[in-house]
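final_5.txt follows (compact mmCIF, C-alpha atoms and all ligand atoms):
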# COMPACT_ATOMS: atom_id res chain seq x y z
CA MET A 1 0.24 -9.50 24.41
CA ASN A 2 -2.57 -8.52 22.11
CA TYR A 3 -0.56 -9.07 18.92
CA THR A 4 1.98 -11.56 17.55
CA VAL A 5 4.50 -11.26 14.72
CA LYS A 6 4.65 -14.68 13.09
CA CYS A 7 6.34 -16.33 10.13
CA SER A 8 4.00 -16.73 7.14
CA SER A 9 5.48 -20.16 6.46
CA CYS A 10 6.74 -21.96 9.60
CA ASP A 11 4.73 -20.08 12.27
CA SER A 12 7.85 -19.17 14.29
CA VAL A 13 7.22 -16.13 16.47
CA ALA A 14 9.46 -13.10 15.99
CA SER A 15 10.27 -11.46 19.29
CA ASP A 16 11.95 -8.36 17.85
CA LEU A 17 9.89 -5.65 16.13
CA LEU A 18 12.92 -4.85 13.97
CA ASP A 19 12.78 -8.28 12.27
CA PHE A 20 11.68 -8.16 8.65
CA ARG A 21 11.95 -11.89 7.86
CA CYS A 22 11.76 -15.17 9.76
CA ARG A 23 14.99 -16.01 11.57
CA VAL A 24 14.31 -19.72 11.10
CA CYS A 25 13.30 -20.02 7.44
CA SER A 26 13.64 -16.42 6.02
CA HIS A 27 10.05 -16.26 4.82
CA PRO A 28 8.07 -13.02 5.25
CA LEU A 29 6.48 -12.21 8.61
CA ASN A 30 2.86 -11.31 9.32
CA LEU A 31 1.38 -9.39 12.21
CA GLN A 32 -1.60 -11.02 13.91
CA LEU A 33 -3.94 -9.00 16.08
CA ASP A 34 -5.69 -10.47 19.08
CA ILE A 35 -8.09 -7.62 19.76
CA ASP A 36 -11.52 -6.92 18.31
CA PHE A 37 -12.36 -3.86 16.25
CA LYS A 38 -14.92 -1.81 18.15
CA THR A 39 -16.43 1.37 16.73
CA ALA A 40 -16.84 2.70 20.28
CA GLU A 41 -13.05 2.79 20.60
CA ILE A 42 -12.52 5.12 17.64
CA ARG A 43 -11.25 8.58 18.63
CA ASN A 44 -13.94 10.53 16.81
CA LYS A 45 -12.27 13.92 17.14
CA ASP A 46 -9.01 12.80 15.57
CA TYR A 47 -9.25 13.44 11.83
CA SER A 48 -6.28 11.30 10.81
CA MET A 49 -5.56 7.57 10.71
CA TRP A 50 -4.79 7.86 14.44
CA ARG A 51 -8.49 7.82 15.19
CA TYR A 52 -7.85 4.03 15.00
CA ALA A 53 -4.77 4.14 17.26
CA ARG A 54 -6.42 1.67 19.66
CA PHE A 55 -6.08 -1.05 17.02
CA PHE A 56 -2.30 -0.66 16.68
CA PRO A 57 -1.40 -1.99 20.13
CA TYR A 58 2.36 -2.17 19.54
CA LEU A 59 2.65 1.63 19.22
CA LYS A 60 3.20 3.97 22.16
CA GLU A 61 1.31 7.24 21.94
CA ASP A 62 4.25 9.37 23.13
CA GLU A 63 6.50 7.87 20.46
CA ARG A 64 4.16 8.57 17.57
CA ILE A 65 5.63 10.13 14.45
CA THR A 66 2.94 11.81 12.40
CA LEU A 67 2.52 14.26 9.54
CA GLY A 68 -1.29 14.15 9.67
CA GLU A 69 -1.73 11.08 7.46
CA GLY A 70 -5.03 9.38 6.76
CA TRP A 71 -8.72 10.37 6.90
CA THR A 72 -8.42 11.18 3.22
CA PRO A 73 -11.52 12.32 1.34
CA GLN A 74 -13.75 10.01 -0.58
CA ALA A 75 -14.99 11.91 -3.64
CA LYS A 76 -18.07 10.91 -5.58
CA LEU A 77 -17.31 10.16 -9.23
CA SER A 78 -20.79 9.08 -10.29
CA ASP A 79 -23.92 7.66 -8.67
CA ASP A 80 -22.42 4.58 -7.05
CA VAL A 81 -18.72 5.14 -7.65
CA TYR A 82 -16.35 6.85 -5.22
CA LEU A 83 -12.67 7.70 -5.46
CA LYS A 84 -10.68 7.34 -2.24
CA LEU A 85 -8.11 10.11 -2.57
CA GLU A 86 -5.04 8.53 -0.99
CA SER A 87 -3.11 10.91 -3.24
CA LEU A 88 -3.85 13.60 -0.64
CA ASN A 89 -1.71 12.06 2.09
CA PRO A 90 1.23 14.18 3.38
CA THR A 91 3.78 12.94 0.82
CA GLY A 92 1.22 12.36 -1.93
CA SER A 93 0.64 8.62 -1.65
CA PHE A 94 -1.02 5.91 0.47
CA LYS A 95 2.42 4.78 1.64
CA ASP A 96 2.29 7.35 4.45
CA ARG A 97 0.02 5.05 6.46
CA GLY A 98 2.69 2.37 6.46
CA SER A 99 5.62 4.71 7.04
CA ALA A 100 3.91 6.44 9.96
CA VAL A 101 3.28 3.13 11.71
CA LEU A 102 6.68 1.62 10.92
CA ILE A 103 8.74 4.68 11.90
CA SER A 104 6.61 5.27 15.03
CA ALA A 105 7.28 1.70 16.13
CA LEU A 106 11.00 1.62 15.40
CA HIS A 107 12.58 5.08 15.65
CA GLU A 108 13.45 4.87 19.35
CA LEU A 109 14.97 1.39 18.94
CA ILE A 110 17.10 2.59 16.00
CA LYS A 111 18.16 5.80 17.75
CA LYS A 112 19.29 3.82 20.77
CA GLU A 113 21.72 1.99 18.45
CA LYS A 114 22.74 5.30 16.79
CA GLY A 115 21.50 3.77 13.57
CA ARG A 116 20.06 4.98 10.26
CA ILE A 117 17.31 3.46 8.13
CA SER A 118 17.67 1.87 4.73
CA GLU A 119 14.78 1.39 2.30
CA ASP A 120 14.34 0.35 -1.34
CA SER A 121 11.51 1.76 -3.42
CA SER A 122 10.37 2.65 -6.93
CA GLY A 123 9.82 6.16 -5.56
CA ASN A 124 6.67 6.73 -3.53
CA ALA A 125 7.58 4.61 -0.51
CA GLY A 126 11.07 6.09 -0.58
CA ALA A 127 9.69 9.62 -0.46
CA SER A 128 7.30 8.64 2.30
CA MET A 129 9.87 6.85 4.41
CA ALA A 130 12.33 9.76 3.94
CA ALA A 131 9.69 12.21 5.21
CA TYR A 132 8.86 10.20 8.33
CA ALA A 133 12.53 9.55 9.04
CA ALA A 134 13.11 13.32 8.85
CA ARG A 135 10.19 13.93 11.21
CA ALA A 136 11.67 11.41 13.64
CA GLY A 137 15.17 12.88 13.38
CA LEU A 138 16.59 9.74 11.78
CA GLU A 139 19.03 9.53 8.89
CA ALA A 140 17.70 7.70 5.85
CA GLU A 141 19.27 5.96 2.86
CA ILE A 142 16.83 5.32 0.03
CA TYR A 143 17.74 2.95 -2.79
CA VAL A 144 15.83 3.55 -6.03
CA PRO A 145 15.85 2.14 -9.57
CA GLU A 146 17.66 4.21 -12.20
CA THR A 147 14.29 4.80 -13.84
CA VAL A 148 12.83 6.62 -10.81
CA SER A 149 10.63 9.56 -11.89
CA GLY A 150 12.25 12.99 -11.55
CA PRO A 151 9.70 14.44 -9.13
CA LYS A 152 9.96 11.40 -6.81
CA PHE A 153 13.75 11.58 -6.84
CA ASN A 154 13.63 15.29 -5.98
CA GLN A 155 11.08 14.69 -3.25
CA ILE A 156 13.25 12.07 -1.51
CA GLN A 157 16.25 14.43 -1.59
CA PHE A 158 14.16 17.31 -0.34
CA TYR A 159 13.52 15.47 2.95
CA GLY A 160 17.27 15.23 3.46
CA ALA A 161 17.68 11.54 2.71
CA LYS A 162 20.62 10.10 0.84
CA VAL A 163 19.33 8.68 -2.46
CA VAL A 164 21.21 5.86 -4.14
CA LYS A 165 20.30 5.02 -7.75
CA VAL A 166 20.81 1.34 -8.61
CA SER A 167 20.92 0.06 -12.17
CA GLY A 168 19.43 -3.33 -13.04
CA SER A 169 16.29 -5.05 -11.84
CA ARG A 170 14.02 -4.05 -8.95
CA GLN A 171 15.41 -7.12 -7.16
CA LYS A 172 18.91 -5.65 -7.44
CA VAL A 173 17.74 -2.43 -5.77
CA ALA A 174 16.40 -4.45 -2.83
CA GLU A 175 19.65 -6.40 -2.50
CA GLU A 176 21.69 -3.19 -2.33
CA ALA A 177 19.41 -1.76 0.35
CA GLN A 178 19.68 -4.95 2.41
CA LYS A 179 23.49 -5.23 2.31
CA ALA A 180 24.61 -5.35 5.91
CA GLU A 181 26.56 -2.31 7.08
CA ARG A 182 27.37 -0.96 10.49
CA GLY A 183 24.46 1.09 11.88
CA LYS A 184 22.23 0.39 8.90
CA PHE A 185 18.72 -0.84 9.75
CA TYR A 186 16.79 -2.22 6.81
CA VAL A 187 13.13 -1.22 7.09
CA GLY A 188 12.10 -2.07 3.50
CA HIS A 189 8.38 -1.37 3.17
CA ILE A 190 7.71 -4.49 1.10
CA LEU A 191 9.07 -6.99 3.59
CA HIS A 192 8.53 -5.24 6.88
CA PRO A 193 5.28 -6.52 8.43
CA LEU A 194 4.60 -3.26 10.31
CA PHE A 195 4.47 -1.21 7.11
CA ARG A 196 1.80 -3.49 5.65
CA ASP A 197 0.00 -3.46 8.95
CA GLY A 198 -0.31 0.35 8.86
CA ILE A 199 -2.35 0.05 5.64
CA ARG A 200 -5.12 -1.65 7.65
CA SER A 201 -6.23 1.85 8.61
CA LEU A 202 -7.34 2.43 5.01
CA ALA A 203 -9.90 -0.40 5.22
CA TYR A 204 -11.27 1.03 8.47
CA GLU A 205 -11.64 4.44 6.85
CA ILE A 206 -13.41 3.14 3.77
CA ALA A 207 -15.86 1.23 5.97
CA GLU A 208 -16.45 4.20 8.28
CA GLN A 209 -16.88 6.65 5.39
CA PHE A 210 -19.50 4.26 3.97
CA GLU A 211 -21.15 4.24 7.42
CA TRP A 212 -20.07 0.66 8.19
CA ASN A 213 -21.86 -0.62 5.14
CA PRO A 214 -18.79 -1.01 2.93
CA PRO A 215 -18.94 -0.88 -0.87
CA GLU A 216 -19.57 -4.07 -2.82
CA ARG A 217 -16.36 -3.50 -4.77
CA VAL A 218 -12.92 -2.02 -4.15
CA TYR A 219 -10.48 -1.53 -7.07
CA LEU A 220 -6.81 -0.89 -6.42
CA PRO A 221 -3.48 -1.08 -8.27
CA VAL A 222 -1.15 -3.85 -7.10
CA SER A 223 2.63 -4.10 -7.38
CA ALA A 224 4.59 -5.41 -4.39
CA GLY A 225 1.38 -6.09 -2.49
CA THR A 226 1.45 -3.91 0.63
CA LEU A 227 -1.76 -2.11 -0.32
CA VAL A 228 -3.82 -5.18 -1.15
CA LEU A 229 -2.58 -7.13 1.87
CA GLY A 230 -3.15 -4.22 4.25
CA LEU A 231 -6.68 -3.75 2.90
CA ILE A 232 -7.53 -7.45 3.17
CA GLY A 233 -6.17 -7.45 6.75
CA GLY A 234 -8.31 -4.48 7.74
CA PHE A 235 -11.53 -5.76 6.17
CA GLU A 236 -11.02 -9.24 7.64
CA HIS A 237 -10.42 -7.70 11.07
CA MET A 238 -13.73 -5.82 10.89
CA ALA A 239 -15.61 -8.85 9.56
CA GLU A 240 -14.22 -11.11 12.31
CA SER A 241 -15.20 -8.46 14.86
CA ASN A 242 -18.75 -8.39 13.40
CA VAL A 243 -18.50 -4.69 12.61
CA ILE A 244 -19.29 -5.30 8.94
CA THR A 245 -21.26 -8.09 7.34
CA GLY A 246 -19.61 -9.52 4.29
CA MET A 247 -16.44 -8.49 2.49
CA PRO A 248 -16.24 -6.14 -0.45
CA ARG A 249 -15.03 -7.79 -3.63
CA ILE A 250 -11.40 -6.71 -3.69
CA VAL A 251 -10.14 -6.37 -7.27
CA ALA A 252 -6.34 -6.34 -7.68
CA CYS A 253 -5.46 -4.38 -10.84
CA GLN A 254 -2.18 -4.80 -12.70
CA THR A 255 -0.52 -3.70 -15.92
CA GLU A 256 0.09 -6.05 -18.82
CA GLN A 257 3.85 -5.81 -18.19
CA VAL A 258 3.78 -6.22 -14.42
CA SER A 259 1.08 -8.78 -13.68
CA PRO A 260 2.52 -11.71 -11.68
CA LEU A 261 -0.45 -11.71 -9.29
CA TYR A 262 -3.03 -11.64 -12.10
CA HIS A 263 -1.37 -14.56 -13.85
CA ARG A 264 -0.87 -16.67 -10.74
CA PHE A 265 -4.41 -15.96 -9.54
CA LYS A 266 -5.84 -17.06 -12.90
CA ASN A 267 -3.43 -20.03 -13.11
CA LEU A 268 -1.78 -18.61 -16.23
CA PRO A 269 1.94 -18.61 -17.04
CA TYR A 270 3.67 -15.22 -16.63
CA LYS A 271 6.80 -14.13 -18.40
CA PRO A 272 7.95 -10.70 -17.25
CA PRO A 273 9.43 -8.31 -19.84
CA LYS A 274 13.20 -7.76 -19.83
CA ARG A 275 12.60 -4.13 -18.98
CA VAL A 276 9.49 -2.54 -17.56
CA ILE A 277 8.62 0.59 -19.56
CA SER A 278 5.03 1.16 -18.48
CA VAL A 279 3.65 4.65 -17.84
CA ALA A 280 2.57 3.18 -14.49
CA ASP A 281 6.04 3.70 -13.02
CA ALA A 282 5.04 2.86 -9.44
CA LEU A 283 4.12 -0.69 -10.47
CA VAL A 284 7.41 -2.49 -11.10
CA SER A 285 7.42 -5.67 -8.98
CA VAL A 286 7.65 -8.45 -11.56
CA ASN A 287 8.72 -10.97 -8.92
CA PRO A 288 7.19 -9.78 -5.63
CA PRO A 289 8.38 -11.62 -2.51
CA LEU A 290 4.83 -11.50 -1.09
CA LEU A 291 3.21 -13.15 -4.14
CA ASP A 292 2.18 -16.38 -2.38
CA ILE A 293 0.68 -14.42 0.51
CA MET A 294 -1.20 -12.16 -1.92
CA VAL A 295 -2.69 -15.06 -3.89
CA ALA A 296 -3.76 -16.81 -0.68
CA GLY A 297 -5.30 -13.62 0.71
CA LEU A 298 -7.15 -12.74 -2.47
CA ARG A 299 -8.55 -16.31 -2.72
CA ARG A 300 -9.56 -16.29 0.96
CA VAL A 301 -11.67 -13.14 0.54
CA LYS A 302 -13.02 -14.23 -2.87
CA GLY A 303 -11.39 -11.28 -4.59
CA ASP A 304 -10.53 -10.90 -8.24
CA ALA A 305 -7.56 -9.82 -10.37
CA LEU A 306 -7.54 -7.87 -13.60
CA MET A 307 -4.95 -6.75 -16.11
CA VAL A 308 -5.05 -3.61 -18.27
CA ARG A 309 -3.12 -2.53 -21.37
CA GLU A 310 -0.97 0.58 -21.67
CA GLU A 311 -3.45 2.38 -23.92
CA GLU A 312 -6.24 1.70 -21.42
CA ILE A 313 -4.15 3.21 -18.62
CA LEU A 314 -3.39 6.36 -20.62
CA LYS A 315 -7.02 6.75 -21.61
CA ALA A 316 -8.25 6.25 -18.05
CA TRP A 317 -5.60 8.65 -16.69
CA GLN A 318 -6.66 11.42 -19.06
CA GLU A 319 -10.33 10.75 -18.47
CA LEU A 320 -9.79 11.22 -14.72
CA GLY A 321 -8.09 14.54 -15.51
CA LYS A 322 -11.08 15.67 -17.57
CA LYS A 323 -13.25 14.90 -14.54
CA GLY A 324 -10.99 17.04 -12.33
CA PHE A 325 -8.82 14.36 -10.72
CA PHE A 326 -5.04 14.64 -11.20
CA VAL A 327 -3.46 11.36 -10.10
CA GLU A 328 -0.30 9.55 -11.12
CA PRO A 329 -0.68 7.14 -14.07
CA SER A 330 -0.23 4.13 -11.76
CA SER A 331 -3.44 5.10 -9.95
CA ALA A 332 -5.32 5.18 -13.25
CA VAL A 333 -4.66 1.42 -13.58
CA ALA A 334 -7.43 0.81 -11.04
CA TYR A 335 -9.84 3.10 -12.87
CA ALA A 336 -8.99 1.47 -16.21
CA ALA A 337 -9.72 -1.95 -14.69
CA TYR A 338 -13.03 -0.72 -13.29
CA LYS A 339 -13.98 0.54 -16.75
CA GLN A 340 -13.07 -2.83 -18.24
CA HIS A 341 -15.41 -4.52 -15.76
CA VAL A 342 -18.22 -2.11 -16.72
CA VAL A 343 -17.74 -2.91 -20.43
CA ASP A 344 -17.63 -6.64 -19.69
CA GLU A 345 -20.84 -6.25 -17.66
CA GLU A 346 -19.06 -7.83 -14.72
CA ILE A 347 -20.52 -5.09 -12.53
CA ARG A 348 -24.22 -5.19 -11.94
CA ARG A 349 -25.97 -1.87 -11.72
CA LYS A 350 -26.27 -0.26 -8.28
CA GLU A 351 -23.14 -1.85 -6.89
CA LYS A 352 -21.36 0.62 -4.65
CA THR A 353 -17.74 0.87 -5.77
CA CYS A 354 -14.62 2.43 -4.29
CA ILE A 355 -11.55 3.02 -6.47
CA ILE A 356 -8.33 3.82 -4.66
CA MET A 357 -6.33 6.72 -6.07
CA THR A 358 -2.92 5.79 -4.69
CA GLY A 359 -0.68 8.71 -5.71
CA MET A 360 -0.91 12.31 -6.87
CA GLY A 361 -0.40 13.57 -10.41
CA LEU A 362 2.51 15.88 -9.55
CA LYS A 363 4.67 12.80 -9.01
CA SER A 364 4.88 12.15 -12.75
CA THR A 365 6.24 14.18 -15.67
CA LEU A 366 4.08 12.33 -18.19
CA LYS A 367 2.17 14.69 -20.51
CA PRO A 368 -1.32 14.08 -21.84
CA THR A 369 -1.41 13.05 -25.49
CA ARG A 370 -3.77 15.78 -26.60
ZN ZN A 401 9.75 -19.27 9.21
Could you quickly redo this structure as structure tokens?
Ligand SMILES: [Zn+2]
Amino acid sequence: MNYTVKCSSCDSVASDLLDFRCRVCSHPLNLQLDIDFKTAEIRNKDYSMWRYARFFPYLKEDERITLGEGWTPQAKLSDDVYLKLESLNPTGSFKDRGSAVLISALHELIKKEKGRISEDSSGNAGASMAAYAARAGLEAEIYVPETVSGPKFNQIQFYGAKVVKVSGSRQKVAEEAQKAERGKFYVGHILHPLFRDGIRSLAYEIAEQFEWNPPERVYLPVSAGTLVLGLIGGFEHMAESNVITGMPRIVACQTEQVSPLYHRFKNLPYKPPKRVISVADALVSVNPPLLDIMVAGLRRVKGDALMVREEEILKAWQELGKKGFFVEPSSAVAYAAYKQHVVDEEIRRKEKTCIIMTGMGLKSTLKPTR
């Protein structure tokens, strides 16, 4: 085998691709690859994330479920700054990379059991998973917080999924989705290692679009951690395979309200608010189950974490609009953090920077202030 699914804590090996936590100690699972990244093995004529299919060895080509995800544009914002437009994926967010991989890997196994999938999400992952389930001909149940944005709720329903609104914390939503029922297969994007693994493709794309000389800095919003962990995994894979020299500085950007990673990374105490009311409605994980893994990963690659205030997010969001980029407010968190680093003179001139625009503007009903 050229990959292993292993427990992040006790190293037990999971033998079933459907597993989403360790059967011995219940900690999260990680996927480890035992193949090198080789640029010669990229399918150059495939303009989607499947140009890197060779590096997802657990997927069978004839079982692939795709909506054309990946190979998103990288738009120049200013001299050294580029926006990676993940908002242009098929369902309007980066989550499609994870859903495509996860559903491709599992749909036949679930169909064999006449099962349906269950997922919990603040909105974007739910919409994405619903779309790929529809493409695969699978029934989907998506559990969302009561506060889910209207457009995201509509989008999930549009794909034919059953949407269940759950009141209470984000944790409560996850518990409902995980409740065991006959024929229900929990494929929650936060816990399932294959979802996170699909995000590796984003790191490959950034490196390739920078002609294998990746940017010095990558800014991205962080909530539950699938994006940051997928990116770290992809960049580490390329560095270990000697395809790139050196890692970009990965900067995890969070809101003042939802900043458990920032606080833990800086060794500061964090007290989450009773209710999250940020305009960044995709960033709601105040107690993410992957927090320890995120902190370890970010330290390993010498990354950084940053926190921005609500007014900074709104300002950054509207500034992006004035430059022609319509993204959801949660994406503007990364741009706001980048701007903070410029003001603090943390960024030296001539540092190539990539800021990840995670979701599209049509997913929010928020109006600009003027
Ligand atoms: Zn374990």
Please identify the residues whose atoms come within 6 Å of ligand ZN 401 (chain A), using only C-alpha atoms and all ligand atoms, and report them as a PDB file with C-alpha atoms, in the coordinates of the input.
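The new file result12.pdb reads:
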ATOM      1  CA  CYS A   7       6.340 -16.330  10.130  1.00  0.00           C
ATOM      2  CA  SER A   9       5.480 -20.160   6.460  1.00  0.00           C
ATOM      3  CA  CYS A  10       6.740 -21.960   9.600  1.00  0.00           C
ATOM      4  CA  ASP A  11       4.730 -20.080  12.270  1.00  0.00           C
ATOM      5  CA  SER A  12       7.850 -19.170  14.290  1.00  0.00           C
ATOM      6  CA  CYS A  22      11.760 -15.170   9.760  1.00  0.00           C
ATOM      7  CA  VAL A  24      14.310 -19.720  11.100  1.00  0.00           C
ATOM      8  CA  CYS A  25      13.300 -20.020   7.440  1.00  0.00           C
ATOM      9  CA  SER A  26      13.640 -16.420   6.020  1.00  0.00           C
ATOM     10  CA  HIS A  27      10.050 -16.260   4.820  1.00  0.00           C
TER      11      HIS A  27
END
Would you mind listing what lies within 8 Å of Val148 of chain A as a PyMOL selection string, with only C-alpha atoms counted and same-chain residues fewer than 3 positions away left out?
chain A and resi 122-123+144-145+152-153+281
Using only C-alpha atoms, list the residues that have an atom at most 12 Å from (-4.9, -18.0, -4.9), coordinates as in the file, as a PyMOL selection string.
chain A and resi 260-268+291-305
Would you export the selected residues with C-alpha atoms as an mmCIF file, in the coordinates of the input, please?
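Printed below is part_4.cif as written:
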data_model
loop_
_atom_site.group_PDB
_atom_site.id
_atom_site.type_symbol
_atom_site.label_atom_id
_atom_site.label_comp_id
_atom_site.auth_asym_id
_atom_site.auth_seq_id
_atom_site.Cartn_x
_atom_site.Cartn_y
_atom_site.Cartn_z
ATOM 1 C CA PRO A 260 2.520 -11.710 -11.680
ATOM 2 C CA LEU A 261 -0.450 -11.710 -9.290
ATOM 3 C CA TYR A 262 -3.030 -11.640 -12.100
ATOM 4 C CA HIS A 263 -1.370 -14.560 -13.850
ATOM 5 C CA ARG A 264 -0.870 -16.670 -10.740
ATOM 6 C CA PHE A 265 -4.410 -15.960 -9.540
ATOM 7 C CA LYS A 266 -5.840 -17.060 -12.900
ATOM 8 C CA ASN A 267 -3.430 -20.030 -13.110
ATOM 9 C CA LEU A 268 -1.780 -18.610 -16.230
ATOM 10 C CA LEU A 291 3.210 -13.150 -4.140
ATOM 11 C CA ASP A 292 2.180 -16.380 -2.380
ATOM 12 C CA ILE A 293 0.680 -14.420 0.510
ATOM 13 C CA MET A 294 -1.200 -12.160 -1.920
ATOM 14 C CA VAL A 295 -2.690 -15.060 -3.890
ATOM 15 C CA ALA A 296 -3.760 -16.810 -0.680
ATOM 16 C CA GLY A 297 -5.300 -13.620 0.710
ATOM 17 C CA LEU A 298 -7.150 -12.740 -2.470
ATOM 18 C CA ARG A 299 -8.550 -16.310 -2.720
ATOM 19 C CA ARG A 300 -9.560 -16.290 0.960
ATOM 20 C CA VAL A 301 -11.670 -13.140 0.540
ATOM 21 C CA LYS A 302 -13.020 -14.230 -2.870
ATOM 22 C CA GLY A 303 -11.390 -11.280 -4.590
ATOM 23 C CA ASP A 304 -10.530 -10.900 -8.240
ATOM 24 C CA ALA A 305 -7.560 -9.820 -10.370
#
Pull the closest atom pair for each residue of segment 183-274 of chain A that gets at most 10 Å from segment 35-54 of chain A, along with the distance in Å to one decimal, counting only C-alpha atoms, ordering rows by chain and then ascending residue number, as JSON lines.
{"residue": "A:Gly198", "atom": "CA", "partner": "A:Met49", "partner_atom": "CA", "distance": 9.1}
{"residue": "A:Ile199", "atom": "CA", "partner": "A:Met49", "partner_atom": "CA", "distance": 9.6}
{"residue": "A:Arg200", "atom": "CA", "partner": "A:Tyr52", "partner_atom": "CA", "distance": 9.7}
{"residue": "A:Ser201", "atom": "CA", "partner": "A:Met49", "partner_atom": "CA", "distance": 6.1}
{"residue": "A:Leu202", "atom": "CA", "partner": "A:Met49", "partner_atom": "CA", "distance": 7.9}
{"residue": "A:Tyr204", "atom": "CA", "partner": "A:Tyr52", "partner_atom": "CA", "distance": 8.0}
{"residue": "A:Glu205", "atom": "CA", "partner": "A:Met49", "partner_atom": "CA", "distance": 7.9}
{"residue": "A:Glu208", "atom": "CA", "partner": "A:Thr39", "partner_atom": "CA", "distance": 8.9}
{"residue": "A:Trp212", "atom": "CA", "partner": "A:Thr39", "partner_atom": "CA", "distance": 9.3}
{"residue": "A:Gly234", "atom": "CA", "partner": "A:Phe37", "partner_atom": "CA", "distance": 9.4}
{"residue": "A:His237", "atom": "CA", "partner": "A:Phe37", "partner_atom": "CA", "distance": 6.7}
{"residue": "A:Met238", "atom": "CA", "partner": "A:Phe37", "partner_atom": "CA", "distance": 5.9}
{"residue": "A:Ala239", "atom": "CA", "partner": "A:Phe37", "partner_atom": "CA", "distance": 9.0}
{"residue": "A:Glu240", "atom": "CA", "partner": "A:Asp36", "partner_atom": "CA", "distance": 7.8}
{"residue": "A:Ser241", "atom": "CA", "partner": "A:Asp36", "partner_atom": "CA", "distance": 5.3}
{"residue": "A:Asn242", "atom": "CA", "partner": "A:Phe37", "partner_atom": "CA", "distance": 8.3}
{"residue": "A:Val243", "atom": "CA", "partner": "A:Phe37", "partner_atom": "CA", "distance": 7.2}
Which neighbours of segment 64-67 of chain A fall inside 9 Å, counting only C-alpha atoms, when residues of the same chain fewer than 6 positions from it are skipped, and could you give them as a PDB file with C-alpha atoms, keeping the file's coordinate frame?
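Wrote it out as selection.pdb, contents follow:
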ATOM      1  CA  TRP A  50      -4.790   7.860  14.440  1.00  0.00           C
ATOM      2  CA  ASN A  89      -1.710  12.060   2.090  1.00  0.00           C
ATOM      3  CA  PRO A  90       1.230  14.180   3.380  1.00  0.00           C
ATOM      4  CA  THR A  91       3.780  12.940   0.820  1.00  0.00           C
ATOM      5  CA  ASP A  96       2.290   7.350   4.450  1.00  0.00           C
ATOM      6  CA  ALA A 100       3.910   6.440   9.960  1.00  0.00           C
ATOM      7  CA  VAL A 101       3.280   3.130  11.710  1.00  0.00           C
ATOM      8  CA  ILE A 103       8.740   4.680  11.900  1.00  0.00           C
ATOM      9  CA  SER A 104       6.610   5.270  15.030  1.00  0.00           C
ATOM     10  CA  ALA A 105       7.280   1.700  16.130  1.00  0.00           C
ATOM     11  CA  HIS A 107      12.580   5.080  15.650  1.00  0.00           C
ATOM     12  CA  ALA A 131       9.690  12.210   5.210  1.00  0.00           C
ATOM     13  CA  TYR A 132       8.860  10.200   8.330  1.00  0.00           C
ATOM     14  CA  ALA A 133      12.530   9.550   9.040  1.00  0.00           C
ATOM     15  CA  ARG A 135      10.190  13.930  11.210  1.00  0.00           C
ATOM     16  CA  ALA A 136      11.670  11.410  13.640  1.00  0.00           C
TER      17      ALA A 136
END
